[in-house]
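Student: Here you go, this is coords-v8.cif (mmCIF, C-alpha atoms and all ligand atoms).
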```cif
data_input
loop_
_atom_site.label_atom_id
_atom_site.label_comp_id
_atom_site.auth_asym_id
_atom_site.auth_seq_id
_atom_site.Cartn_x
_atom_site.Cartn_y
_atom_site.Cartn_z
CA MET A 1 0.00 0.00 0.00
CA SER A 2 1.40 3.41 -0.90
CA LYS A 3 2.16 5.81 1.91
CA LEU A 4 0.21 8.99 2.68
CA LYS A 5 2.06 11.95 1.17
CA CYS A 6 2.72 14.79 3.60
CA THR A 7 3.96 18.37 3.16
CA ILE A 8 5.58 20.27 6.01
CA VAL A 9 5.15 24.03 5.68
CA GLY A 10 7.66 25.90 7.84
CA ALA A 11 10.03 22.93 7.83
CA THR A 12 13.22 24.74 8.87
CA GLY A 13 11.71 25.40 12.30
CA TYR A 14 11.95 23.20 15.37
CA THR A 15 8.50 21.63 15.18
CA GLY A 16 8.84 21.16 11.40
CA GLY A 17 12.20 19.41 11.89
CA GLU A 18 10.75 17.18 14.56
CA LEU A 19 7.86 16.20 12.27
CA LEU A 20 10.31 15.34 9.50
CA ARG A 21 12.30 13.18 11.94
CA ILE A 22 9.23 11.26 13.14
CA LEU A 23 7.59 10.87 9.73
CA SER A 24 10.86 9.59 8.19
CA PHE A 25 10.25 6.38 10.18
CA HIS A 26 6.45 6.23 9.96
CA PRO A 27 5.03 2.99 8.50
CA HIS A 28 2.08 4.61 6.67
CA ALA A 29 3.12 8.22 5.91
CA GLU A 30 6.04 9.91 4.20
CA VAL A 31 7.10 13.51 3.75
CA THR A 32 7.36 14.47 0.10
CA GLN A 33 7.66 18.28 0.35
CA ILE A 34 9.28 20.63 2.87
CA THR A 35 8.99 24.40 2.56
CA SER A 36 11.11 27.35 3.58
CA ARG A 37 11.32 30.94 2.38
CA SER A 38 14.88 31.39 3.61
CA ARG A 39 16.57 28.08 2.62
CA MET A 40 15.01 27.26 -0.73
CA GLY A 41 17.07 24.60 -2.59
CA GLU A 42 19.05 23.52 0.50
CA TYR A 43 18.85 19.97 1.86
CA ALA A 44 16.87 19.21 5.00
CA HIS A 45 20.07 18.47 6.91
CA ALA A 46 21.25 22.06 6.40
CA ALA A 47 18.59 23.06 8.96
CA HIS A 48 18.34 19.72 10.82
CA PRO A 49 21.80 18.13 11.02
CA ASN A 50 20.39 15.06 12.81
CA LEU A 51 18.61 14.18 9.54
CA ARG A 52 21.75 13.93 7.37
CA GLY A 53 21.46 10.59 5.58
CA VAL A 54 17.84 10.24 6.74
CA SER A 55 16.04 12.71 4.47
CA ALA A 56 17.19 13.63 0.97
CA LEU A 57 14.48 16.30 0.57
CA GLN A 58 15.31 19.86 -0.45
CA PHE A 59 13.37 22.90 0.73
CA ILE A 60 10.97 24.44 -1.76
CA ARG A 61 9.18 27.79 -1.54
CA PRO A 62 5.78 27.61 0.19
CA GLU A 63 4.08 28.90 -2.98
CA ASP A 64 5.56 26.01 -5.02
CA ALA A 65 3.99 23.26 -2.88
CA GLN A 66 1.98 20.78 -4.96
CA PRO A 67 -1.20 18.87 -3.99
CA CYS A 68 -0.66 16.08 -1.45
CA ASP A 69 -2.64 14.12 1.15
CA VAL A 70 -1.81 16.03 4.35
CA VAL A 71 -0.38 19.46 5.05
CA PHE A 72 1.31 20.10 8.39
CA LEU A 73 1.51 23.83 9.10
CA CYS A 74 4.42 24.75 11.40
CA LEU A 75 4.17 28.51 11.08
CA PRO A 76 4.28 31.46 13.46
CA HIS A 77 0.98 32.57 14.97
CA GLY A 78 -1.42 34.11 12.44
CA GLU A 79 0.20 32.70 9.28
CA ALA A 80 -1.93 29.53 9.01
CA SER A 81 -5.26 31.35 9.30
CA ALA A 82 -4.10 34.04 6.85
CA GLN A 83 -3.84 31.49 4.02
CA ILE A 84 -6.06 28.66 5.18
CA GLU A 85 -8.03 28.52 1.90
CA ARG A 86 -4.83 27.93 -0.04
CA TRP A 87 -3.65 25.10 2.23
CA ALA A 88 -7.11 23.51 2.19
CA GLY A 89 -6.97 23.58 -1.60
CA LEU A 90 -3.73 21.59 -1.52
CA ALA A 91 -4.71 18.67 0.69
CA GLU A 92 -7.70 16.85 2.07
CA ARG A 93 -6.28 17.01 5.57
CA ILE A 94 -4.54 19.76 7.54
CA ILE A 95 -2.85 19.63 10.91
CA ASP A 96 -1.95 23.15 12.08
CA LEU A 97 0.56 23.28 14.92
CA SER A 98 0.05 26.98 15.66
CA ALA A 99 -2.48 28.54 18.02
CA ASP A 100 -4.67 29.78 15.14
CA PHE A 101 -7.41 27.14 15.41
CA ARG A 102 -7.12 25.88 18.98
CA LEU A 103 -9.87 27.92 20.65
CA ARG A 104 -13.48 27.10 19.84
CA ASN A 105 -14.83 30.31 21.32
CA LEU A 106 -14.25 33.38 19.13
CA ALA A 107 -14.68 35.78 22.08
CA ALA A 108 -11.97 33.87 23.97
CA TYR A 109 -9.73 34.10 20.89
CA LYS A 110 -10.20 37.87 20.76
CA ARG A 111 -9.60 38.24 24.49
CA TRP A 112 -6.33 36.24 24.47
CA TYR A 113 -4.93 37.20 21.06
CA GLY A 114 -6.11 40.82 21.02
CA HIS A 115 -7.97 40.81 17.68
CA ASP A 116 -10.89 39.17 15.89
CA HIS A 117 -10.21 35.76 14.40
CA PRO A 118 -9.16 36.26 10.75
CA ALA A 119 -10.94 33.12 9.50
CA PRO A 120 -13.83 32.57 11.95
CA HIS A 121 -15.81 30.20 9.71
CA TRP A 122 -12.86 27.79 9.75
CA VAL A 123 -12.69 27.54 13.54
CA GLU A 124 -15.50 25.02 13.96
CA ARG A 125 -14.02 22.77 11.26
CA PHE A 126 -10.91 22.12 13.36
CA VAL A 127 -10.77 19.57 16.16
CA TYR A 128 -8.48 20.40 19.11
CA GLY A 129 -5.55 18.05 18.60
CA LEU A 130 -5.12 16.38 21.98
CA PRO A 131 -6.22 12.73 21.56
CA GLU A 132 -6.54 12.23 25.34
CA LEU A 133 -9.32 14.83 25.21
CA THR A 134 -10.82 14.70 21.72
CA ARG A 135 -10.09 11.20 20.37
CA GLU A 136 -13.66 10.54 19.24
CA GLN A 137 -13.91 13.83 17.30
CA LEU A 138 -10.51 13.25 15.69
CA LYS A 139 -11.53 9.91 14.18
CA GLY A 140 -12.04 10.58 10.48
CA ALA A 141 -11.60 14.37 10.93
CA ARG A 142 -10.04 16.41 8.13
CA TYR A 143 -8.70 19.33 10.16
CA ALA A 144 -6.92 19.24 13.51
CA SER A 145 -5.30 22.05 15.45
CA GLY A 146 -2.08 21.62 17.34
CA VAL A 147 -1.79 22.03 21.09
CA GLY A 148 -0.02 24.57 23.25
CA CYS A 149 2.88 22.79 24.96
CA ASN A 150 2.36 24.48 28.33
CA ALA A 151 -1.38 23.90 28.01
CA THR A 152 -0.80 20.21 27.27
CA ALA A 153 1.32 19.62 30.36
CA THR A 154 -1.24 21.50 32.49
CA ASN A 155 -4.21 19.79 30.86
CA LEU A 156 -2.81 16.28 31.28
CA ALA A 157 -1.95 17.00 34.94
CA LEU A 158 -5.49 18.24 35.65
CA LEU A 159 -7.67 16.03 33.43
CA PRO A 160 -8.18 13.03 35.78
CA LEU A 161 -9.28 15.17 38.73
CA VAL A 162 -11.58 17.30 36.58
CA LYS A 163 -13.24 14.13 35.26
CA ALA A 164 -13.49 12.62 38.72
CA GLY A 165 -15.18 15.77 40.08
CA LEU A 166 -12.71 16.15 42.96
CA ILE A 167 -11.75 19.82 42.50
CA ASP A 168 -13.17 22.69 44.56
CA TRP A 169 -13.99 25.24 41.84
CA SER A 170 -14.55 28.09 44.29
CA LEU A 171 -10.82 28.24 45.04
CA PRO A 172 -7.93 29.07 42.69
CA ILE A 173 -5.99 26.58 40.58
CA VAL A 174 -2.34 27.59 40.25
CA ALA A 175 -0.24 26.16 37.41
CA ASP A 176 3.49 26.77 37.68
CA VAL A 177 5.09 25.76 34.37
CA LYS A 178 8.84 25.47 33.76
CA VAL A 179 10.00 25.41 30.16
CA GLY A 180 13.05 24.91 27.95
CA SER A 181 14.48 27.26 25.34
CA SER A 182 13.24 25.38 22.23
CA GLU A 183 9.73 26.63 23.03
CA GLY A 184 10.82 29.90 21.48
CA GLY A 185 11.42 28.38 18.03
CA ALA A 186 14.49 28.37 15.80
CA GLU A 187 14.71 32.09 15.22
CA SER A 188 17.20 33.82 17.52
CA SER A 189 16.48 36.94 19.58
CA PRO A 190 18.24 38.93 22.34
CA ALA A 191 16.47 36.67 24.86
CA SER A 192 17.95 33.53 23.27
CA HIS A 193 21.51 34.86 22.99
CA HIS A 194 23.64 32.28 24.88
CA PRO A 195 25.18 34.57 27.53
CA GLU A 196 21.68 35.86 28.33
CA ARG A 197 19.78 32.58 28.14
CA SER A 198 22.24 30.10 29.63
CA GLY A 199 21.67 29.53 33.34
CA ALA A 200 18.59 31.76 33.34
CA VAL A 201 15.59 31.29 35.60
CA ARG A 202 13.45 33.83 33.85
CA SER A 203 9.83 34.66 34.64
CA TYR A 204 8.70 34.62 31.05
CA ALA A 205 5.00 35.05 31.75
CA PRO A 206 4.28 35.31 35.49
CA ALA A 207 0.60 35.96 34.71
CA GLY A 208 -1.69 35.98 31.71
CA HIS A 209 -0.02 33.34 29.52
CA ARG A 210 -2.20 32.67 26.47
CA HIS A 211 -2.25 28.92 27.03
CA THR A 212 -4.52 29.61 30.02
CA ALA A 213 -7.32 29.78 27.45
CA GLU A 214 -6.70 26.19 26.28
CA VAL A 215 -6.79 24.90 29.85
CA GLU A 216 -10.03 26.79 30.58
CA GLN A 217 -11.48 25.34 27.38
CA MET A 218 -10.51 21.81 28.47
CA ILE A 219 -12.03 22.27 31.96
CA VAL A 220 -15.36 23.52 30.63
CA GLN A 221 -15.51 20.81 27.96
CA VAL A 222 -14.74 17.95 30.36
CA ARG A 223 -17.13 19.18 33.03
CA GLN A 224 -19.89 19.45 30.45
CA ALA A 225 -19.14 16.09 28.83
CA ASN A 226 -18.99 14.27 32.17
CA GLN A 227 -21.77 16.31 33.78
CA VAL A 228 -19.41 17.18 36.65
CA ASP A 229 -20.17 20.33 38.69
CA VAL A 230 -22.17 21.83 35.82
CA ASP A 231 -24.31 24.13 38.03
CA ASN A 232 -21.47 26.57 38.71
CA LEU A 233 -19.71 26.15 35.36
CA THR A 234 -19.95 29.79 34.35
CA ASN A 235 -18.27 30.86 37.58
CA PHE A 236 -14.99 29.29 36.56
CA THR A 237 -12.37 32.05 36.48
CA HIS A 238 -9.80 30.78 38.94
CA LEU A 239 -6.93 29.42 36.85
CA HIS A 240 -3.58 31.19 37.26
CA MET A 241 -0.68 30.09 35.08
CA SER A 242 2.94 31.23 35.41
CA VAL A 243 5.59 30.23 32.87
CA THR A 244 9.28 30.29 33.79
CA SER A 245 12.15 29.66 31.36
CA ILE A 246 14.83 27.45 32.91
CA GLU A 247 18.13 25.83 31.91
CA MET A 248 16.77 23.15 29.57
CA VAL A 249 16.56 22.90 25.77
CA ARG A 250 13.58 20.56 25.48
CA GLY A 251 10.95 19.98 28.10
CA VAL A 252 8.01 21.26 30.09
CA LEU A 253 7.20 20.50 33.72
CA ALA A 254 3.79 21.65 34.95
CA THR A 255 3.22 21.72 38.72
CA VAL A 256 -0.47 22.39 39.28
CA HIS A 257 -1.91 23.14 42.73
CA VAL A 258 -5.60 22.47 43.33
CA PHE A 259 -7.91 22.47 46.34
CA LEU A 260 -10.22 19.48 46.73
CA LYS A 261 -13.91 19.66 47.63
CA GLN A 262 -13.39 17.48 50.66
CA PRO A 263 -10.45 15.75 52.32
CA VAL A 264 -9.46 12.55 50.50
CA GLN A 265 -6.95 9.78 50.98
CA GLU A 266 -4.20 9.15 48.49
CA LYS A 267 -6.04 6.13 47.07
CA ALA A 268 -8.72 8.49 45.66
CA LEU A 269 -6.06 10.22 43.55
CA TRP A 270 -4.52 6.91 42.46
CA LYS A 271 -7.99 5.85 41.32
CA ALA A 272 -8.65 9.10 39.44
CA PHE A 273 -5.32 8.87 37.59
CA ARG A 274 -5.65 5.16 36.85
CA ASP A 275 -9.24 5.53 35.63
CA GLY A 276 -8.30 8.56 33.57
CA TYR A 277 -5.31 7.09 31.83
CA LYS A 278 -5.58 3.30 31.91
CA ASN A 279 -6.13 3.08 28.13
CA GLU A 280 -3.86 5.94 27.07
CA PRO A 281 -0.88 4.81 24.95
CA PHE A 282 1.31 7.81 25.80
CA VAL A 283 0.49 8.72 29.40
CA ARG A 284 2.46 7.07 32.22
CA LEU A 285 1.77 7.43 35.93
CA VAL A 286 5.07 8.12 37.68
CA LYS A 287 4.93 8.02 41.47
CA SER A 288 7.53 6.05 43.35
CA SER A 289 8.57 6.18 46.98
CA ALA A 290 12.30 5.79 46.31
CA GLY A 291 14.95 6.66 43.75
CA ILE A 292 15.72 9.89 41.93
CA PHE A 293 12.94 9.51 39.35
CA ARG A 294 10.07 9.42 41.88
CA ALA A 295 8.13 12.09 39.98
CA PRO A 296 7.75 13.16 36.33
CA GLU A 297 10.98 14.61 34.92
CA PRO A 298 11.25 16.11 31.43
CA LYS A 299 14.94 15.27 31.00
CA ILE A 300 14.30 11.59 30.22
CA LEU A 301 11.45 12.37 27.79
CA ALA A 302 13.47 14.24 25.16
CA GLY A 303 12.52 12.99 21.70
CA SER A 304 9.68 10.80 23.03
CA ASN A 305 5.92 11.26 22.92
CA TRP A 306 5.40 10.29 26.56
CA ALA A 307 3.52 12.46 29.00
CA ASP A 308 4.54 11.46 32.51
CA VAL A 309 2.03 12.41 35.19
CA GLY A 310 2.12 12.22 38.97
CA PHE A 311 0.73 13.77 42.11
CA ALA A 312 1.24 14.50 45.82
CA LEU A 313 -1.39 15.06 48.48
CA SER A 314 -1.14 17.43 51.47
CA GLU A 315 -1.31 16.01 54.98
CA ASP A 316 -4.85 17.30 55.50
CA GLY A 317 -6.03 15.65 52.25
CA ARG A 318 -7.47 18.95 50.93
CA LYS A 319 -4.71 20.10 48.54
CA ALA A 320 -3.29 18.14 45.62
CA THR A 321 -0.16 18.95 43.64
CA LEU A 322 -0.48 17.53 40.14
CA LEU A 323 2.53 17.04 37.88
CA CYS A 324 3.07 16.48 34.20
CA ALA A 325 6.32 16.38 32.21
CA ILE A 326 6.56 16.32 28.42
CA ASP A 327 8.94 17.17 25.59
CA ASN A 328 7.50 20.44 24.21
CA LEU A 329 8.50 19.55 20.65
CA MET A 330 6.96 16.05 20.88
CA LYS A 331 3.88 15.56 23.07
CA GLY A 332 3.65 19.36 23.14
CA ALA A 333 3.73 19.77 19.33
CA ALA A 334 4.96 17.37 16.59
CA GLY A 335 4.38 14.11 18.52
CA SER A 336 0.78 15.02 19.33
CA ALA A 337 0.31 16.09 15.69
CA VAL A 338 1.42 12.64 14.43
CA GLN A 339 -0.67 10.95 17.12
CA CYS A 340 -3.63 12.98 15.77
CA LEU A 341 -2.87 11.90 12.22
CA ASN A 342 -2.83 8.27 13.38
CA VAL A 343 -6.24 8.72 15.01
CA MET A 344 -7.68 10.63 12.02
CA MET A 345 -6.57 7.84 9.69
CA GLY A 346 -7.61 4.95 11.94
CA TRP A 347 -4.02 3.68 12.26
CA ASP A 348 -2.34 2.31 15.35
CA GLU A 349 -2.01 5.43 17.53
CA ARG A 350 1.61 4.55 18.34
CA ALA A 351 2.73 4.39 14.68
CA GLY A 352 5.99 6.29 14.23
CA LEU A 353 6.06 7.32 17.89
CA GLU A 354 7.77 4.38 19.58
CA PHE A 355 11.05 6.13 20.50
CA PRO A 356 11.25 5.91 24.32
CA GLY A 357 13.62 8.81 25.09
CA LEU A 358 17.18 8.66 26.43
CA HIS A 359 18.79 7.93 29.75
CA PRO A 360 21.08 9.30 31.01
N1 LIG B 401 8.48 25.33 19.72
C1 LIG B 401 7.57 24.73 20.47
O1 LIG B 401 7.88 24.15 21.52
C2 LIG B 401 6.12 24.69 20.03
C3 LIG B 401 5.24 23.87 20.75
C4 LIG B 401 3.88 23.85 20.38
C5 LIG B 401 3.45 24.63 19.34
N2 LIG B 401 4.33 25.44 18.67
C6 LIG B 401 3.80 26.26 17.58
O2 LIG B 401 4.21 25.70 16.34
C7 LIG B 401 4.45 26.74 15.39
C8 LIG B 401 5.88 26.59 14.86
O3 LIG B 401 6.77 26.69 15.96
P1 LIG B 401 8.34 26.48 15.79
O4 LIG B 401 8.90 26.49 17.17
O5 LIG B 401 8.60 25.32 14.90
O6 LIG B 401 8.73 27.84 15.05
P2 LIG B 401 10.09 28.21 14.26
O7 LIG B 401 11.16 27.31 14.72
O8 LIG B 401 10.27 29.67 14.40
O9 LIG B 401 9.74 27.86 12.74
C9 LIG B 401 8.83 28.62 11.97
C10 LIG B 401 8.91 28.17 10.51
O10 LIG B 401 7.98 28.91 9.73
C11 LIG B 401 8.62 29.45 8.55
N3 LIG B 401 7.92 30.72 8.29
C12 LIG B 401 7.91 31.83 9.08
N4 LIG B 401 7.06 32.76 8.59
C13 LIG B 401 6.51 32.21 7.46
C14 LIG B 401 5.55 32.67 6.51
N5 LIG B 401 5.00 33.88 6.61
N6 LIG B 401 5.22 31.84 5.49
C15 LIG B 401 5.79 30.64 5.34
N7 LIG B 401 6.72 30.13 6.22
C16 LIG B 401 7.07 30.92 7.27
C17 LIG B 401 10.10 29.57 8.95
O11 LIG B 401 11.00 29.34 7.88
P3 LIG B 401 11.38 30.35 6.73
O12 LIG B 401 11.55 31.70 7.42
O13 LIG B 401 12.62 29.82 6.12
O14 LIG B 401 10.21 30.32 5.79
C18 LIG B 401 10.26 28.34 9.87
O15 LIG B 401 10.50 27.18 9.09
C19 LIG B 401 4.23 28.07 16.13
O16 LIG B 401 2.96 28.58 15.81
C20 LIG B 401 4.33 27.68 17.59
O17 LIG B 401 3.56 28.50 18.43
C21 LIG B 401 5.66 25.47 18.98
#
```
For this file, write the structure as structure tokens.
Ligand SMILES: NC(=O)c1ccc[n+]([C@@H]2O[C@H](COP(=O)([O-])OP(=O)(O)OC[C@H]3O[C@@H](n4cnc5c(N)ncnc54)[C@H](OP(=O)(O)O)[C@@H]3O)[C@@H](O)[C@H]2O)c1

Tutor:
Amino acid sequence: MSKLKCTIVGATGYTGGELLRILSFHPHAEVTQITSRSRMGEYAHAAHPNLRGVSALQFIRPEDAQPCDVVFLCLPHGEASAQIERWAGLAERIIDLSADFRLRNLAAYKRWYGHDHPAPHWVERFVYGLPELTREQLKGARYASGVGCNATATNLALLPLVKAGLIDWSLPIVADVKVGSSEGGAESSPASHHPERSGAVRSYAPAGHRHTAEVEQMIVQVRQANQVDVDNLTNFTHLHMSVTSIEMVRGVLATVHVFLKQPVQEKALWKAFRDGYKNEPFVRLVKSSAGIFRAPEPKILAGSNWADVGFALSEDGRKATLLCAIDNLMKGAAGSAVQCLNVMMGWDERAGLEFPGLHP
């Protein structure tokens, strides 16, 4: 059977390079076109040296891309929606890794991105691309959005307790998210200059990070779908997210503090996490009483599509600290995008995503 032909638009970037790496070993899909405005004619390995001898593709201009089966858009915010008709004319399926089509609510988009959505009629055609949340809608879908990496770590930490109805919604939820430098993309800036970035512990967004909107969207959707605490749903305004850049190239660690409706024992949290993730191919529960890897740790997830989740409970049983570690370029971007493609196409969800990460 011939493989599905994929085009990566914005392929010199970090998420584009990661997609090319994964899809080079995918059993049912292959990349046939990679685009760049700045490196036209150069080989893929000029931008992604790890792919020397793996991909023989050369970059073409975005406007020269020919029809194919799937287009992956790995563009800066606003670029996918600006030309969505053109990309939809090229391929039956689109997976857009940017934030352009993640939010279902146009008012929320305007609030968080500061302007009206440029292609509002396209918004409802896209399914939010986190299979742990939207697997059923993704099956057979033509258009999937990407996910925010900080939102994904926060969402996967919170999801089991939201579903289980354990959270006290009258009190704040605080998400403290630590991130690596590759979140900023391949383009350099004064903030990424090595003497400035190396060793930094930089409060990148102490309040008001845009990914808050994706977590709020998840909470409302899951409470509605599971009919959990629906009476006070509209009162939900208590999520505070802080993002801090730390000394790491790949990786996100979300530490999310929640108050529980009533005191619980640890076994209630074990049950919520096991029930929530028992059938998930890429979510692992990490909670050991000994050793240095007792809790989720992004370092060992680099290059893998795992999301490692864990938790701790306060002595009074009223406060839970929820943890999730991912690789921002994998489960937080390209890995989730390929997982979405697998679900959309009805393939084994793990196809192309078996790499387990490295240790040490
Ligand atoms: N980095 C992460 O951890 C991460 C995680 C989740 C989601 N995302 C999202 O994924 C998207 C891509 O992120 P990234 O980190 O891969 O960015 P990046 O490294 O900066 O790459 C952006 C790519 O887009 C191309 N490009 C820029 N403007 C373009 C335009 N107007 N038309 C066509 N091509 C254009 C660039 O190449 P040329 O200039 O050569 O054309 C480059 O290949 C972003 O929307 C980001 O928010 C990123």

Student: Grab the atom CA of A:Glu92 to atom CA of A:Ser24 distance for me, in Å with one decimal place.

Tutor: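 These atoms are spaced 20.8 Å apart.
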
Student: Can you pull out every residue with an atom within 7 Å of ligand LIG 401 (chain B)? Use all atoms listed in the file and format it as a PDB file with C-alpha atoms, keeping the file's coordinate frame.

Tutor:
```pdb
ATOM      1  CA  VAL A   9       5.150  24.030   5.680  1.00  0.00           C
ATOM      2  CA  GLY A  10       7.660  25.900   7.840  1.00  0.00           C
ATOM      3  CA  ALA A  11      10.030  22.930   7.830  1.00  0.00           C
ATOM      4  CA  THR A  12      13.220  24.740   8.870  1.00  0.00           C
ATOM      5  CA  GLY A  13      11.710  25.400  12.300  1.00  0.00           C
ATOM      6  CA  TYR A  14      11.950  23.200  15.370  1.00  0.00           C
ATOM      7  CA  THR A  15       8.500  21.630  15.180  1.00  0.00           C
ATOM      8  CA  GLY A  16       8.840  21.160  11.400  1.00  0.00           C
ATOM      9  CA  THR A  35       8.990  24.400   2.560  1.00  0.00           C
ATOM     10  CA  SER A  36      11.110  27.350   3.580  1.00  0.00           C
ATOM     11  CA  ARG A  37      11.320  30.940   2.380  1.00  0.00           C
ATOM     12  CA  SER A  38      14.880  31.390   3.610  1.00  0.00           C
ATOM     13  CA  ARG A  39      16.570  28.080   2.620  1.00  0.00           C
ATOM     14  CA  PRO A  62       5.780  27.610   0.190  1.00  0.00           C
ATOM     15  CA  CYS A  74       4.420  24.750  11.400  1.00  0.00           C
ATOM     16  CA  LEU A  75       4.170  28.510  11.080  1.00  0.00           C
ATOM     17  CA  PRO A  76       4.280  31.460  13.460  1.00  0.00           C
ATOM     18  CA  HIS A  77       0.980  32.570  14.970  1.00  0.00           C
ATOM     19  CA  GLU A  79       0.200  32.700   9.280  1.00  0.00           C
ATOM     20  CA  LEU A  97       0.560  23.280  14.920  1.00  0.00           C
ATOM     21  CA  SER A  98       0.050  26.980  15.660  1.00  0.00           C
ATOM     22  CA  ALA A  99      -2.480  28.540  18.020  1.00  0.00           C
ATOM     23  CA  GLY A 146      -2.080  21.620  17.340  1.00  0.00           C
ATOM     24  CA  VAL A 147      -1.790  22.030  21.090  1.00  0.00           C
ATOM     25  CA  GLY A 148      -0.020  24.570  23.250  1.00  0.00           C
ATOM     26  CA  CYS A 149       2.880  22.790  24.960  1.00  0.00           C
ATOM     27  CA  SER A 182      13.240  25.380  22.230  1.00  0.00           C
ATOM     28  CA  GLU A 183       9.730  26.630  23.030  1.00  0.00           C
ATOM     29  CA  GLY A 184      10.820  29.900  21.480  1.00  0.00           C
ATOM     30  CA  GLY A 185      11.420  28.380  18.030  1.00  0.00           C
ATOM     31  CA  ALA A 186      14.490  28.370  15.800  1.00  0.00           C
ATOM     32  CA  GLU A 187      14.710  32.090  15.220  1.00  0.00           C
ATOM     33  CA  ASN A 328       7.500  20.440  24.210  1.00  0.00           C
ATOM     34  CA  LEU A 329       8.500  19.550  20.650  1.00  0.00           C
ATOM     35  CA  GLY A 332       3.650  19.360  23.140  1.00  0.00           C
ATOM     36  CA  ALA A 333       3.730  19.770  19.330  1.00  0.00           C
TER      37      ALA A 333
END
```

Student: List the spatial neighbours of stretch 286-300 of chain A as an mmCIF file with C-alpha atoms, keeping the file's coordinate frame - criterion: any atom at most 9 Å away, all atoms listed in the file, same-chain residues fewer than 4 positions off excluded.

Tutor:
```cif
data_model
loop_
_atom_site.group_PDB
_atom_site.id
_atom_site.type_symbol
_atom_site.label_atom_id
_atom_site.label_comp_id
_atom_site.auth_asym_id
_atom_site.auth_seq_id
_atom_site.Cartn_x
_atom_site.Cartn_y
_atom_site.Cartn_z
ATOM 1 C CA MET A 248 16.770 23.150 29.570
ATOM 2 C CA ARG A 250 13.580 20.560 25.480
ATOM 3 C CA GLY A 251 10.950 19.980 28.100
ATOM 4 C CA VAL A 252 8.010 21.260 30.090
ATOM 5 C CA LEU A 253 7.200 20.500 33.720
ATOM 6 C CA SER A 304 9.680 10.800 23.030
ATOM 7 C CA ALA A 307 3.520 12.460 29.000
ATOM 8 C CA ASP A 308 4.540 11.460 32.510
ATOM 9 C CA VAL A 309 2.030 12.410 35.190
ATOM 10 C CA GLY A 310 2.120 12.220 38.970
ATOM 11 C CA PHE A 311 0.730 13.770 42.110
ATOM 12 C CA ALA A 312 1.240 14.500 45.820
ATOM 13 C CA LEU A 323 2.530 17.040 37.880
ATOM 14 C CA CYS A 324 3.070 16.480 34.200
ATOM 15 C CA ALA A 325 6.320 16.380 32.210
ATOM 16 C CA ILE A 326 6.560 16.320 28.420
ATOM 17 C CA ASP A 327 8.940 17.170 25.590
ATOM 18 C CA PRO A 356 11.250 5.910 24.320
ATOM 19 C CA GLY A 357 13.620 8.810 25.090
ATOM 20 C CA LEU A 358 17.180 8.660 26.430
ATOM 21 C CA HIS A 359 18.790 7.930 29.750
ATOM 22 C CA PRO A 360 21.080 9.300 31.010
#
```

Student: Which residue out of A:Arg284, A:Arg210, A:Lys278, A:Lys3 has the minimum interatomic distance to A:Pro27 when all atoms listed in the file are used?

Tutor: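 Residue with the minimum atom-to-atom distance to A:Pro27: A:Lys3.
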
Student: Take atom CA of A:Ala44 and atom CA of A:Val338 and report the distance between them in Å, one decimal.

Tutor: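 That distance, rounded to one decimal, is 19.3 Å.
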
Student: Within 10 Å of A:Phe282, counting all atoms listed in the file, which residues qualify if same-chain residues fewer than 5 places away don't, as a ChimeraX atom specification?

Tutor: /A:131-132,277,304-308,331,336,339,349-350,353-354

Student: For atom CA of A:Gly335 and atom CA of A:Pro281, quote the distance in Å rounded to one decimal.

Tutor: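 Calculated distance between atom CA of A:Gly335 and atom CA of A:Pro281 is 12.5 Å.
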
Student: Could you please give me, as a list in words, the residues of protein, DNA or RNA lying at most 8 Å from (-9.1, 20.3, 9.0) in the coordinate frame of the file, considering only C-alpha atoms?

Tutor: Ala88, Glu92, Arg93, Ile94, Ile95, Arg125, Phe126, Val127, Ala141, Arg142, Tyr143, Ala144 and Ser145 of chain A

Student: Looking at A:Val256, A:Met330, A:Leu269, A:Ala200, which one is nearest to A:Lys163, with distances taken over all atoms listed in the file?

Tutor: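 That would be A:Leu269, the residue with the smallest distance to A:Lys163.
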
Student: Model the absent atoms of stretch 334-340 of chain A so that N, CA and C atoms are present, and write the result as a PDB file, in the frame of the given file.

Tutor:
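Result file is result_5.pdb:
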```
ATOM      1  N   ALA A 334       4.901  18.281  17.739  1.00  0.00           N
ATOM      2  CA  ALA A 334       4.960  17.370  16.590  1.00  0.00           C
ATOM      3  C   ALA A 334       4.488  15.945  16.935  1.00  0.00           C
ATOM      4  N   GLY A 335       4.801  15.464  18.129  1.00  0.00           N
ATOM      5  CA  GLY A 335       4.380  14.110  18.520  1.00  0.00           C
ATOM      6  C   GLY A 335       2.863  14.019  18.600  1.00  0.00           C
ATOM      7  N   SER A 336       2.253  15.014  19.253  1.00  0.00           N
ATOM      8  CA  SER A 336       0.780  15.020  19.330  1.00  0.00           C
ATOM      9  C   SER A 336       0.178  15.147  17.930  1.00  0.00           C
ATOM     10  N   ALA A 337       0.840  15.917  17.050  1.00  0.00           N
ATOM     11  CA  ALA A 337       0.310  16.090  15.690  1.00  0.00           C
ATOM     12  C   ALA A 337       0.308  14.745  14.949  1.00  0.00           C
ATOM     13  N   VAL A 338       1.373  13.960  15.101  1.00  0.00           N
ATOM     14  CA  VAL A 338       1.420  12.640  14.430  1.00  0.00           C
ATOM     15  C   VAL A 338       0.435  11.679  15.106  1.00  0.00           C
ATOM     16  N   GLN A 339       0.326  11.770  16.424  1.00  0.00           N
ATOM     17  CA  GLN A 339      -0.670  10.950  17.120  1.00  0.00           C
ATOM     18  C   GLN A 339      -2.072  11.269  16.588  1.00  0.00           C
ATOM     19  N   CYS A 340      -2.338  12.565  16.358  1.00  0.00           N
ATOM     20  CA  CYS A 340      -3.630  12.980  15.770  1.00  0.00           C
ATOM     21  C   CYS A 340      -3.815  12.379  14.394  1.00  0.00           C
TER      22      CYS A 340
END
```
